[in-house]
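*Asks:* Below is the file protein.pdb, with PDB, C-alpha atoms.
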```pdb
ATOM      1  CA  MET A  11      54.982 -58.202-131.534
ATOM      2  CA  LYS A  12      55.318 -61.476-129.651
ATOM      3  CA  GLN A  13      58.293 -61.875-127.302
ATOM      4  CA  ASN A  14      61.458 -62.328-129.337
ATOM      5  CA  LYS A  15      64.500 -62.203-127.061
ATOM      6  CA  TYR A  16      66.559 -64.331-129.429
ATOM      7  CA  ASP A  17      66.948 -61.467-131.883
ATOM      8  CA  ASP A  18      68.663 -59.443-129.164
ATOM      9  CA  SER A  19      72.338 -59.812-130.087
ATOM     10  CA  GLY A  20      73.631 -60.212-126.533
ATOM     11  CA  PHE A  21      70.987 -62.728-125.543
ATOM     12  CA  PHE A  22      71.504 -64.720-128.721
ATOM     13  CA  GLU A  23      75.271 -64.783-128.174
ATOM     14  CA  ASN A  24      74.765 -66.195-124.679
ATOM     15  CA  TYR A  25      72.297 -68.760-125.984
ATOM     16  CA  SER A  26      74.723 -69.793-128.705
ATOM     17  CA  GLN A  27      77.290 -70.730-126.046
ATOM     18  CA  MET A  28      74.985 -73.139-124.206
ATOM     19  CA  PRO A  29      76.035 -76.806-124.432
ATOM     20  CA  ARG A  30      72.804 -77.755-126.232
ATOM     21  CA  SER A  31      73.377 -74.963-128.763
ATOM     22  CA  ILE A  32      76.821 -76.340-129.559
ATOM     23  CA  GLY A  33      76.341 -80.062-129.107
ATOM     24  CA  GLY A  34      72.794 -80.386-130.355
ATOM     25  CA  LEU A  35      70.298 -82.993-129.230
ATOM     26  CA  ASN A  36      72.840 -85.254-127.602
ATOM     27  CA  ALA A  37      73.832 -82.387-125.289
ATOM     28  CA  ALA A  38      70.210 -81.844-124.222
ATOM     29  CA  GLY A  39      69.570 -83.825-121.067
ATOM     30  CA  GLU A  40      65.902 -84.399-121.863
ATOM     31  CA  TRP A  41      66.436 -85.584-125.441
ATOM     32  CA  GLU A  42      66.395 -89.327-124.802
ATOM     33  CA  SER A  43      63.033 -89.076-123.064
ATOM     34  CA  PHE A  44      61.598 -86.791-125.740
ATOM     35  CA  ARG A  45      62.811 -89.020-128.572
ATOM     36  CA  ALA A  46      61.165 -92.048-126.949
ATOM     37  CA  MET A  47      57.793 -90.275-127.146
ATOM     38  CA  LEU A  48      57.995 -89.512-130.859
ATOM     39  CA  PRO A  49      56.018 -91.671-133.287
ATOM     40  CA  GLU A  50      57.459 -93.323-136.372
ATOM     41  CA  LEU A  51      58.609 -90.460-138.615
ATOM     42  CA  ARG A  52      59.318 -92.303-141.848
ATOM     43  CA  ASN A  53      57.369 -90.785-144.744
ATOM     44  CA  LYS A  54      55.609 -88.350-142.392
ATOM     45  CA  LYS A  55      55.055 -84.633-142.893
ATOM     46  CA  VAL A  56      56.418 -82.958-139.762
ATOM     47  CA  LEU A  57      55.950 -79.492-138.255
ATOM     48  CA  ASP A  58      58.337 -78.200-135.564
ATOM     49  CA  LEU A  59      57.011 -75.248-133.523
ATOM     50  CA  GLY A  60      59.809 -73.124-132.076
ATOM     51  CA  CYS A  61      62.432 -74.920-134.140
ATOM     52  CA  GLY A  62      65.421 -72.857-132.984
ATOM     53  CA  PHE A  63      68.609 -74.077-134.656
ATOM     54  CA  GLY A  64      66.675 -76.824-136.437
ATOM     55  CA  TRP A  65      68.057 -79.806-134.516
ATOM     56  CA  HIS A  66      64.709 -81.602-134.370
ATOM     57  CA  CYS A  67      63.972 -80.792-138.015
ATOM     58  CA  ARG A  68      67.205 -82.418-139.128
ATOM     59  CA  TYR A  69      66.603 -85.389-136.849
ATOM     60  CA  ALA A  70      63.182 -85.917-138.462
ATOM     61  CA  ARG A  71      64.758 -86.039-141.913
ATOM     62  CA  GLU A  72      67.428 -88.436-140.637
ATOM     63  CA  GLN A  73      64.497 -90.656-139.682
ATOM     64  CA  HIS A  74      63.291 -90.372-143.294
ATOM     65  CA  ALA A  75      60.422 -87.966-142.723
ATOM     66  CA  HIS A  76      58.881 -86.991-146.054
ATOM     67  CA  SER A  77      59.213 -83.260-145.340
ATOM     68  CA  VAL A  78      59.710 -80.920-142.404
ATOM     69  CA  VAL A  79      58.635 -77.337-141.725
ATOM     70  CA  GLY A  80      60.339 -75.492-138.893
ATOM     71  CA  VAL A  81      58.687 -72.380-137.465
ATOM     72  CA  ASP A  82      60.353 -69.767-135.284
ATOM     73  CA  LEU A  83      59.892 -66.051-134.618
ATOM     74  CA  SER A  84      63.599 -65.313-134.340
ATOM     75  CA  GLU A  85      65.435 -64.438-137.531
ATOM     76  CA  ASN A  86      68.709 -65.174-135.721
ATOM     77  CA  MET A  87      67.501 -68.680-134.961
ATOM     78  CA  LEU A  88      66.307 -69.282-138.503
ATOM     79  CA  GLU A  89      69.497 -67.922-140.045
ATOM     80  CA  ARG A  90      71.567 -70.328-137.948
ATOM     81  CA  ALA A  91      69.195 -73.195-138.756
ATOM     82  CA  ARG A  92      69.545 -72.552-142.468
ATOM     83  CA  GLU A  93      73.337 -72.375-142.191
ATOM     84  CA  MET A  94      73.360 -75.773-140.483
ATOM     85  CA  THR A  95      70.906 -77.437-142.870
ATOM     86  CA  ASN A  96      71.758 -78.911-146.250
ATOM     87  CA  GLU A  97      68.452 -80.553-146.994
ATOM     88  CA  SER A  98      65.861 -79.517-149.572
ATOM     89  CA  GLN A  99      63.020 -81.267-147.739
ATOM     90  CA  ILE A 100      63.378 -78.974-144.715
ATOM     91  CA  GLU A 101      61.798 -75.530-144.922
ATOM     92  CA  TYR A 102      62.118 -72.819-142.280
ATOM     93  CA  ARG A 103      59.451 -70.141-141.911
ATOM     94  CA  ARG A 104      59.307 -67.080-139.679
ATOM     95  CA  PHE A 105      56.139 -67.041-137.574
ATOM     96  CA  ALA A 106      55.187 -66.626-133.977
ATOM     97  CA  ILE A 107      53.853 -69.985-132.818
ATOM     98  CA  GLU A 108      50.524 -68.349-131.974
ATOM     99  CA  ASP A 109      50.189 -67.081-135.560
ATOM    100  CA  ILE A 110      50.556 -70.324-137.508
ATOM    101  CA  ASP A 111      47.892 -70.731-140.178
ATOM    102  CA  PHE A 112      48.413 -74.013-141.987
ATOM    103  CA  LYS A 113      45.884 -75.876-144.082
ATOM    104  CA  ALA A 114      43.653 -78.539-142.582
ATOM    105  CA  GLU A 115      45.337 -81.940-142.273
ATOM    106  CA  GLU A 116      48.639 -80.653-143.684
ATOM    107  CA  PHE A 117      50.880 -82.566-141.251
ATOM    108  CA  ASP A 118      51.172 -86.041-139.748
ATOM    109  CA  VAL A 119      53.275 -85.036-136.742
ATOM    110  CA  VAL A 120      53.689 -81.764-134.837
ATOM    111  CA  ILE A 121      56.485 -81.391-132.297
ATOM    112  CA  SER A 122      57.488 -78.554-130.002
ATOM    113  CA  SER A 123      60.480 -78.647-127.689
ATOM    114  CA  LEU A 124      60.757 -76.173-124.797
ATOM    115  CA  ALA A 125      58.988 -73.338-126.597
ATOM    116  CA  LEU A 126      55.368 -73.298-125.472
ATOM    117  CA  HIS A 127      56.063 -71.908-122.000
ATOM    118  CA  TYR A 128      56.874 -68.662-123.851
ATOM    119  CA  VAL A 129      53.372 -68.643-125.399
ATOM    120  CA  GLU A 130      50.509 -66.958-123.563
ATOM    121  CA  ASP A 131      47.549 -68.569-125.352
ATOM    122  CA  PHE A 132      48.194 -72.301-125.162
ATOM    123  CA  ILE A 133      44.670 -73.447-125.986
ATOM    124  CA  THR A 134      44.637 -71.519-129.284
ATOM    125  CA  VAL A 135      47.886 -73.211-130.248
ATOM    126  CA  CYS A 136      46.301 -76.584-129.456
ATOM    127  CA  GLN A 137      43.322 -75.690-131.677
ATOM    128  CA  LYS A 138      45.590 -74.713-134.557
ATOM    129  CA  VAL A 139      47.704 -77.831-134.199
ATOM    130  CA  HIS A 140      44.565 -79.977-134.177
ATOM    131  CA  HIS A 141      43.394 -78.222-137.355
ATOM    132  CA  CYS A 142      46.603 -78.869-139.288
ATOM    133  CA  LEU A 143      47.042 -82.510-138.195
ATOM    134  CA  VAL A 144      45.590 -85.492-140.019
ATOM    135  CA  PRO A 145      43.192 -87.680-137.996
ATOM    136  CA  GLY A 146      45.329 -89.848-135.763
ATOM    137  CA  GLY A 147      48.241 -87.440-136.146
ATOM    138  CA  ALA A 148      50.619 -86.961-133.221
ATOM    139  CA  PHE A 149      51.394 -83.854-131.172
ATOM    140  CA  VAL A 150      54.459 -84.259-128.947
ATOM    141  CA  LEU A 151      55.563 -81.339-126.812
ATOM    142  CA  SER A 152      57.834 -80.459-123.945
ATOM    143  CA  VAL A 153      57.670 -77.450-121.634
ATOM    144  CA  GLU A 154      59.333 -76.383-118.439
ATOM    145  CA  HIS A 155      57.553 -78.241-115.672
ATOM    146  CA  PRO A 156      54.925 -76.260-113.742
ATOM    147  CA  VAL A 157      56.797 -77.071-110.541
ATOM    148  CA  PHE A 158      59.711 -75.255-112.151
ATOM    149  CA  THR A 159      57.755 -72.259-113.477
ATOM    150  CA  ALA A 160      55.440 -71.573-110.513
ATOM    151  CA  VAL A 161      57.916 -69.240-108.784
ATOM    152  CA  ALA A 162      59.448 -66.657-111.099
ATOM    153  CA  ALA A 163      62.897 -66.873-109.502
ATOM    154  CA  GLN A 164      63.277 -70.487-110.670
ATOM    155  CA  ASP A 165      65.979 -71.171-108.120
ATOM    156  CA  TRP A 166      66.651 -73.219-105.012
ATOM    157  CA  HIS A 167      66.144 -72.047-101.451
ATOM    158  CA  TYR A 168      69.617 -71.937 -99.932
ATOM    159  CA  GLY A 169      70.904 -72.435 -96.417
ATOM    160  CA  GLN A 170      73.384 -70.214 -94.562
ATOM    161  CA  LYS A 171      76.318 -72.076 -96.109
ATOM    162  CA  GLY A 172      74.930 -71.905 -99.614
ATOM    163  CA  GLU A 173      73.587 -75.449 -99.551
ATOM    164  CA  ARG A 174      70.462 -76.213-101.569
ATOM    165  CA  LEU A 175      67.755 -76.862 -98.994
ATOM    166  CA  HIS A 176      64.715 -77.292-101.216
ATOM    167  CA  TRP A 177      63.020 -76.116-104.400
ATOM    168  CA  PRO A 178      60.261 -73.644-103.500
ATOM    169  CA  VAL A 179      56.828 -74.113-105.024
ATOM    170  CA  ASP A 180      54.352 -71.303-104.419
ATOM    171  CA  ASP A 181      51.453 -69.642-106.247
ATOM    172  CA  TYR A 182      51.005 -72.850-108.224
ATOM    173  CA  HIS A 183      47.354 -72.189-109.034
ATOM    174  CA  TYR A 184      47.965 -68.542-109.992
ATOM    175  CA  GLU A 185      48.520 -69.083-113.680
ATOM    176  CA  GLY A 186      49.923 -66.476-116.027
ATOM    177  CA  SER A 187      53.103 -64.592-116.788
ATOM    178  CA  ARG A 188      56.296 -64.847-114.790
ATOM    179  CA  GLN A 189      59.267 -62.549-115.347
ATOM    180  CA  ALA A 190      62.208 -64.880-114.997
ATOM    181  CA  ARG A 191      65.958 -64.519-115.442
ATOM    182  CA  PHE A 192      67.510 -66.568-118.218
ATOM    183  CA  LEU A 193      70.990 -66.053-119.651
ATOM    184  CA  GLU A 194      71.364 -62.834-117.645
ATOM    185  CA  ASN A 195      68.217 -61.357-119.193
ATOM    186  CA  ASP A 196      64.619 -60.819-118.124
ATOM    187  CA  VAL A 197      62.282 -63.068-120.070
ATOM    188  CA  VAL A 198      58.545 -63.639-119.785
ATOM    189  CA  LYS A 199      57.381 -67.203-119.315
ATOM    190  CA  TYR A 200      53.831 -68.432-118.798
ATOM    191  CA  HIS A 201      52.998 -70.709-115.913
ATOM    192  CA  ARG A 202      50.218 -73.254-116.347
ATOM    193  CA  THR A 203      49.355 -76.193-114.146
ATOM    194  CA  VAL A 204      49.735 -79.776-115.318
ATOM    195  CA  ALA A 205      45.935 -80.014-115.410
ATOM    196  CA  THR A 206      45.647 -76.953-117.645
ATOM    197  CA  HIS A 207      48.073 -78.444-120.159
ATOM    198  CA  LEU A 208      46.231 -81.748-120.282
ATOM    199  CA  ASN A 209      42.734 -80.292-120.303
ATOM    200  CA  ALA A 210      43.576 -77.856-123.116
ATOM    201  CA  LEU A 211      44.621 -80.794-125.259
ATOM    202  CA  ILE A 212      41.600 -82.892-124.340
ATOM    203  CA  GLU A 213      39.166 -80.010-124.894
ATOM    204  CA  THR A 214      40.575 -79.314-128.368
ATOM    205  CA  GLY A 215      40.148 -82.903-129.533
ATOM    206  CA  PHE A 216      43.257 -84.803-128.506
ATOM    207  CA  SER A 217      43.726 -88.012-126.566
ATOM    208  CA  ILE A 218      46.718 -88.137-124.243
ATOM    209  CA  THR A 219      48.908 -91.156-124.947
ATOM    210  CA  LYS A 220      51.895 -90.601-122.673
ATOM    211  CA  LEU A 221      53.323 -88.258-120.029
ATOM    212  CA  SER A 222      56.937 -87.936-118.948
ATOM    213  CA  GLU A 223      58.712 -85.999-116.207
ATOM    214  CA  PRO A 224      62.232 -87.116-117.115
ATOM    215  CA  LYS A 225      65.112 -87.364-114.708
ATOM    216  CA  PRO A 226      68.805 -87.384-115.650
ATOM    217  CA  SER A 227      70.261 -90.615-116.938
ATOM    218  CA  GLN A 228      72.615 -92.649-114.771
ATOM    219  CA  GLU A 229      75.471 -91.647-117.078
ATOM    220  CA  MET A 230      74.720 -87.953-116.615
ATOM    221  CA  LYS A 231      74.488 -88.457-112.868
ATOM    222  CA  GLU A 232      77.891 -90.155-112.772
ATOM    223  CA  ASN A 233      79.591 -87.589-115.007
ATOM    224  CA  ASN A 234      78.214 -84.506-113.268
ATOM    225  CA  PRO A 235      77.780 -84.470-109.464
ATOM    226  CA  ASP A 236      75.410 -81.498-109.691
ATOM    227  CA  MET A 237      72.949 -83.762-111.466
ATOM    228  CA  GLN A 238      72.146 -85.419-108.136
ATOM    229  CA  ASP A 239      69.986 -82.412-107.285
ATOM    230  CA  GLU A 240      68.003 -82.864-110.499
ATOM    231  CA  PHE A 241      66.344 -85.895-108.903
ATOM    232  CA  ARG A 242      64.768 -83.619-106.297
ATOM    233  CA  ARG A 243      62.284 -81.854-108.566
ATOM    234  CA  PRO A 244      61.211 -82.104-112.201
ATOM    235  CA  ILE A 245      62.426 -79.611-114.781
ATOM    236  CA  PHE A 246      60.460 -80.805-117.803
ATOM    237  CA  LEU A 247      56.935 -81.920-118.584
ATOM    238  CA  MET A 248      56.487 -83.896-121.798
ATOM    239  CA  ILE A 249      53.155 -84.821-123.346
ATOM    240  CA  ALA A 250      52.333 -87.047-126.299
ATOM    241  CA  ALA A 251      48.821 -86.829-127.750
ATOM    242  CA  VAL A 252      46.964 -87.901-130.867
ATOM    243  CA  LYS A 253      44.184 -86.172-132.794
ATOM    244  CA  ASN A 254      40.864 -87.942-132.301
TER
END
```
Starting from the coordinates I provided, produce the structure as structure tokens.
*Replies:*
Amino acid sequence: MKQNKYDDSGFFENYSQMPRSIGGLNAAGEWESFRAMLPELRNKKVLDLGCGFGWHCRYAREQHAHSVVGVDLSENMLERAREMTNESQIEYRRFAIEDIDFKAEEFDVVISSLALHYVEDFITVCQKVHHCLVPGGAFVLSVEHPVFTAVAAQDWHYGQKGERLHWPVDDYHYEGSRQARFLENDVVKYHRTVATHLNALIETGFSITKLSEPKPSQEMKENNPDMQDEFRRPIFLMIAAVKN
């Protein structure tokens, strides 16, 4: 069984209280940058890997996508997504991302938001996405930045007065699992370098079209003083690629 913390009732309850779980895409600080990397979705067949509550699936249909399939391993996630969706052209299916098995050239666009750092075998996912995309189809993904995942603690180094001195980066080239704390639970994430992400895509037949390491918007910075520290290191890595 692949890791499925979201079907743990306590973990899921904590996740459900996060601002992005309540407010959707507009409450996700990285959304504006991710949206800017998406291709035209009108009349496209879209696959969302790790769809969660289905926010990106519903957005795709709002942009007049022809149809959308959302995949997630968590039944809790899919149940909530179905409750929030009133749209016959969106279908939710329960799969681990690693286990998808779609037909060749079934989709025009594949997206994945903040899910693939929970997946151990990234290159196999890239191969499967390449298989199910039409030629010229787009794969747009976001993960926690390797600067963020390199050290399992995923926290600042603090001074004697509790001030944030710096963000530690260590063991960067030692790829693999990291047992991190998230929502008061132990979760396994997989650290990969920036080069590994890019090379996996290139080696499986994609061309990279854009990279992003987004920083908070000026509005977020003004409304939340803590956001000033988010300019000191990246949290997210976003990649847009097309199938050759």
*Asks:* Check what the PyMOL selection byres ((chain A and resi 44-53) around 8) selects in the file above and give those residues as a list in words.
*Replies:*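 For this structure, the PyMOL selection byres ((chain A and resi 44-53) around 8) resolves to Glu40, Trp41, Glu42, Ser43, Lys54, Lys55, Val56, Ala70, Gln73, His74, Ala75, His76, Ser77, Val119, Ala148, Val150, Ser152, Lys220, Met248 and Ala250 of chain A.
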*Asks:* Determine the residue set returned by the PyMOL selection byres ((chain A and resi 129) around 8) for the present structure, and present it as a list in words.
*Replies:*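 When the PyMOL selection byres ((chain A and resi 129) around 8) is applied to the shown file, the picked residues are Ile107, Glu108, Ala125, Leu126, His127, Tyr128, Glu130, Asp131, Phe132, Lys199 and Tyr200 of chain A.
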*Asks:* If you measure from atom CA of Phe112 of chain A to atom CA of Val139 of chain A, what distance in Å do you get, rounded to one decimal?
*Replies:*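 Computing it gives 8.7 Å between the two atoms.
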*Asks:* Pick out the residues sitting within 9 Å of Cys136 of chain A, and hand them over as a PyMOL selection string; count all atoms listed in the file, and ignore anything fewer than 6 positions along from it in its own chain.
*Replies:* chain A and resi 210-211+214-216
*Asks:* Give me, as a VMD selection string, all polymer residues having an atom no more than 6 Å from Leu57 of chain A, counting only C-alpha atoms and skipping those fewer than 6 positions away in the same chain.
*Replies:* chain A and resid 78 to 80 120
*Asks:* Would you list the residues near (44.5, -84.9, -136.2) (no more than 10 Å away, in the coordinates of the file, using all atoms listed in the file) as an NGL selection string?
*Replies:* :A and (114-120 or 139-149 or 215-216 or 251-254)
*Asks:* With distances taken over only C-alpha atoms, which of A:Glu213, A:Glu194, A:Glu23, A:Glu223 is nearest to Arg90 of chain A?
*Replies:*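 Smallest distance to Arg90 of chain A is found for A:Glu23.
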*Asks:* On this structure, which residues satisfy the PyMOL selection byres ((chain A and resi 84) around 7), written as a list in words?
*Replies:*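 Applying the PyMOL selection byres ((chain A and resi 84) around 7) to the structure shown produces Asn14, Tyr16, Asp17, Asp82, Leu83, Glu85, Asn86, Met87 and Leu88 of chain A.
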*Asks:* Selection from above, C-alpha atoms, as a CSV table (one decimal), in the coordinates of the input, can you write it?
*Replies:*
```csv
chain,number,residue,atom,x,y,z
A,14,ASN,CA,61.5,-62.3,-129.3
A,16,TYR,CA,66.6,-64.3,-129.4
A,17,ASP,CA,66.9,-61.5,-131.9
A,82,ASP,CA,60.4,-69.8,-135.3
A,83,LEU,CA,59.9,-66.1,-134.6
A,85,GLU,CA,65.4,-64.4,-137.5
A,86,ASN,CA,68.7,-65.2,-135.7
A,87,MET,CA,67.5,-68.7,-135.0
A,88,LEU,CA,66.3,-69.3,-138.5
```
*Asks:* From the list A:Glu173, A:Pro244, A:Ser98, A:Ile212, which residue is nearest Gln137 of chain A when using all atoms listed in the file?
*Replies:*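 Checking each of A:Glu173, A:Pro244, A:Ser98, A:Ile212 against Gln137 of chain A, counting all atoms listed in the file, the winner is A:Ile212.
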*Asks:* At what distance in Å, to one decimal, does atom CA of Ala91 of chain A lie from atom CA of Trp65 of chain A?
*Replies:*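 So the answer is 7.9 Å.
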*Asks:* For a test of reading the model, state the distance in Å between atom CA of Gly39 of chain A and atom CA of Glu93 of chain A, rounded to one decimal.
*Replies:*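 Separation between atom CA of Gly39 of chain A and atom CA of Glu93 of chain A: 24.3 Å.
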*Asks:* Missing atoms in segment 153-164 of chain A: can you complete it with all heavy atoms, as an mmCIF file, keeping the file's coordinate frame?
*Replies:*
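New file rebuild_38.cif:
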```cif
data_model
loop_
_atom_site.group_PDB
_atom_site.id
_atom_site.type_symbol
_atom_site.label_atom_id
_atom_site.label_comp_id
_atom_site.auth_asym_id
_atom_site.auth_seq_id
_atom_site.Cartn_x
_atom_site.Cartn_y
_atom_site.Cartn_z
ATOM 1 N N VAL A 153 57.639 -78.788 -122.223
ATOM 2 C CA VAL A 153 57.670 -77.450 -121.634
ATOM 3 C C VAL A 153 58.434 -77.543 -120.318
ATOM 4 O O VAL A 153 58.670 -78.633 -119.793
ATOM 5 C CB VAL A 153 56.246 -76.895 -121.359
ATOM 6 C CG1 VAL A 153 55.499 -76.634 -122.653
ATOM 7 C CG2 VAL A 153 55.460 -77.838 -120.450
ATOM 8 N N GLU A 154 58.810 -76.382 -119.794
ATOM 9 C CA GLU A 154 59.333 -76.383 -118.439
ATOM 10 C C GLU A 154 58.213 -76.809 -117.502
ATOM 11 O O GLU A 154 57.070 -76.391 -117.644
ATOM 12 C CB GLU A 154 59.865 -74.994 -118.068
ATOM 13 C CG GLU A 154 61.129 -74.642 -118.807
ATOM 14 C CD GLU A 154 61.749 -73.321 -118.350
ATOM 15 O OE1 GLU A 154 61.108 -72.597 -117.566
ATOM 16 O OE2 GLU A 154 62.875 -73.019 -118.782
ATOM 17 N N HIS A 155 58.558 -77.660 -116.559
ATOM 18 C CA HIS A 155 57.553 -78.241 -115.672
ATOM 19 C C HIS A 155 56.893 -77.157 -114.821
ATOM 20 O O HIS A 155 57.561 -76.226 -114.363
ATOM 21 C CB HIS A 155 58.212 -79.285 -114.773
ATOM 22 C CG HIS A 155 57.247 -80.229 -114.148
ATOM 23 N ND1 HIS A 155 56.409 -79.874 -113.123
ATOM 24 C CD2 HIS A 155 56.978 -81.531 -114.425
ATOM 25 C CE1 HIS A 155 55.668 -80.908 -112.780
ATOM 26 N NE2 HIS A 155 55.990 -81.935 -113.563
ATOM 27 N N PRO A 156 55.586 -77.253 -114.583
ATOM 28 C CA PRO A 156 54.925 -76.260 -113.742
ATOM 29 C C PRO A 156 55.509 -76.134 -112.336
ATOM 30 O O PRO A 156 55.427 -75.052 -111.738
ATOM 31 C CB PRO A 156 53.478 -76.757 -113.708
ATOM 32 C CG PRO A 156 53.296 -77.443 -115.029
ATOM 33 C CD PRO A 156 54.608 -78.129 -115.284
ATOM 34 N N VAL A 157 56.088 -77.193 -111.818
ATOM 35 C CA VAL A 157 56.797 -77.071 -110.541
ATOM 36 C C VAL A 157 57.981 -76.124 -110.686
ATOM 37 O O VAL A 157 58.358 -75.415 -109.751
ATOM 38 C CB VAL A 157 57.250 -78.460 -110.044
ATOM 39 C CG1 VAL A 157 58.309 -78.362 -108.958
ATOM 40 C CG2 VAL A 157 56.053 -79.256 -109.539
ATOM 41 N N PHE A 158 58.548 -76.087 -111.861
ATOM 42 C CA PHE A 158 59.711 -75.255 -112.151
ATOM 43 C C PHE A 158 59.314 -73.813 -112.430
ATOM 44 O O PHE A 158 60.045 -72.871 -112.085
ATOM 45 C CB PHE A 158 60.453 -75.845 -113.348
ATOM 46 C CG PHE A 158 61.848 -75.339 -113.552
ATOM 47 C CD1 PHE A 158 62.889 -75.752 -112.744
ATOM 48 C CD2 PHE A 158 62.132 -74.452 -114.575
ATOM 49 C CE1 PHE A 158 64.186 -75.293 -112.947
ATOM 50 C CE2 PHE A 158 63.418 -73.984 -114.780
ATOM 51 C CZ PHE A 158 64.445 -74.401 -113.955
ATOM 52 N N THR A 159 58.150 -73.609 -113.053
ATOM 53 C CA THR A 159 57.755 -72.259 -113.477
ATOM 54 C C THR A 159 56.900 -71.512 -112.459
ATOM 55 O O THR A 159 56.672 -70.314 -112.617
ATOM 56 C CB THR A 159 56.973 -72.305 -114.808
ATOM 57 O OG1 THR A 159 55.793 -73.105 -114.640
ATOM 58 C CG2 THR A 159 57.833 -72.875 -115.926
ATOM 59 N N ALA A 160 56.402 -72.201 -111.427
ATOM 60 C CA ALA A 160 55.440 -71.573 -110.513
ATOM 61 C C ALA A 160 56.004 -70.322 -109.855
ATOM 62 O O ALA A 160 55.326 -69.290 -109.757
ATOM 63 C CB ALA A 160 54.994 -72.576 -109.452
ATOM 64 N N VAL A 161 57.250 -70.388 -109.408
ATOM 65 C CA VAL A 161 57.916 -69.240 -108.784
ATOM 66 C C VAL A 161 58.850 -68.614 -109.811
ATOM 67 O O VAL A 161 59.704 -69.295 -110.386
ATOM 68 C CB VAL A 161 58.701 -69.667 -107.528
ATOM 69 C CG1 VAL A 161 59.468 -68.490 -106.935
ATOM 70 C CG2 VAL A 161 57.741 -70.241 -106.489
ATOM 71 N N ALA A 162 58.708 -67.322 -110.029
ATOM 72 C CA ALA A 162 59.448 -66.657 -111.099
ATOM 73 C C ALA A 162 60.959 -66.779 -110.946
ATOM 74 O O ALA A 162 61.686 -66.847 -111.943
ATOM 75 C CB ALA A 162 59.050 -65.183 -111.179
ATOM 76 N N ALA A 163 61.448 -66.826 -109.713
ATOM 77 C CA ALA A 163 62.897 -66.873 -109.502
ATOM 78 C C ALA A 163 63.530 -68.131 -110.077
ATOM 79 O O ALA A 163 64.698 -68.129 -110.471
ATOM 80 C CB ALA A 163 63.201 -66.787 -108.014
ATOM 81 N N GLN A 164 62.777 -69.224 -110.131
ATOM 82 C CA GLN A 164 63.277 -70.487 -110.670
ATOM 83 C C GLN A 164 64.658 -70.821 -110.099
ATOM 84 O O GLN A 164 65.634 -71.039 -110.823
ATOM 85 C CB GLN A 164 63.316 -70.450 -112.201
ATOM 86 C CG GLN A 164 61.936 -70.320 -112.825
ATOM 87 C CD GLN A 164 61.940 -70.471 -114.330
ATOM 88 O OE1 GLN A 164 62.800 -69.933 -115.020
ATOM 89 N NE2 GLN A 164 60.987 -71.222 -114.845
#
```
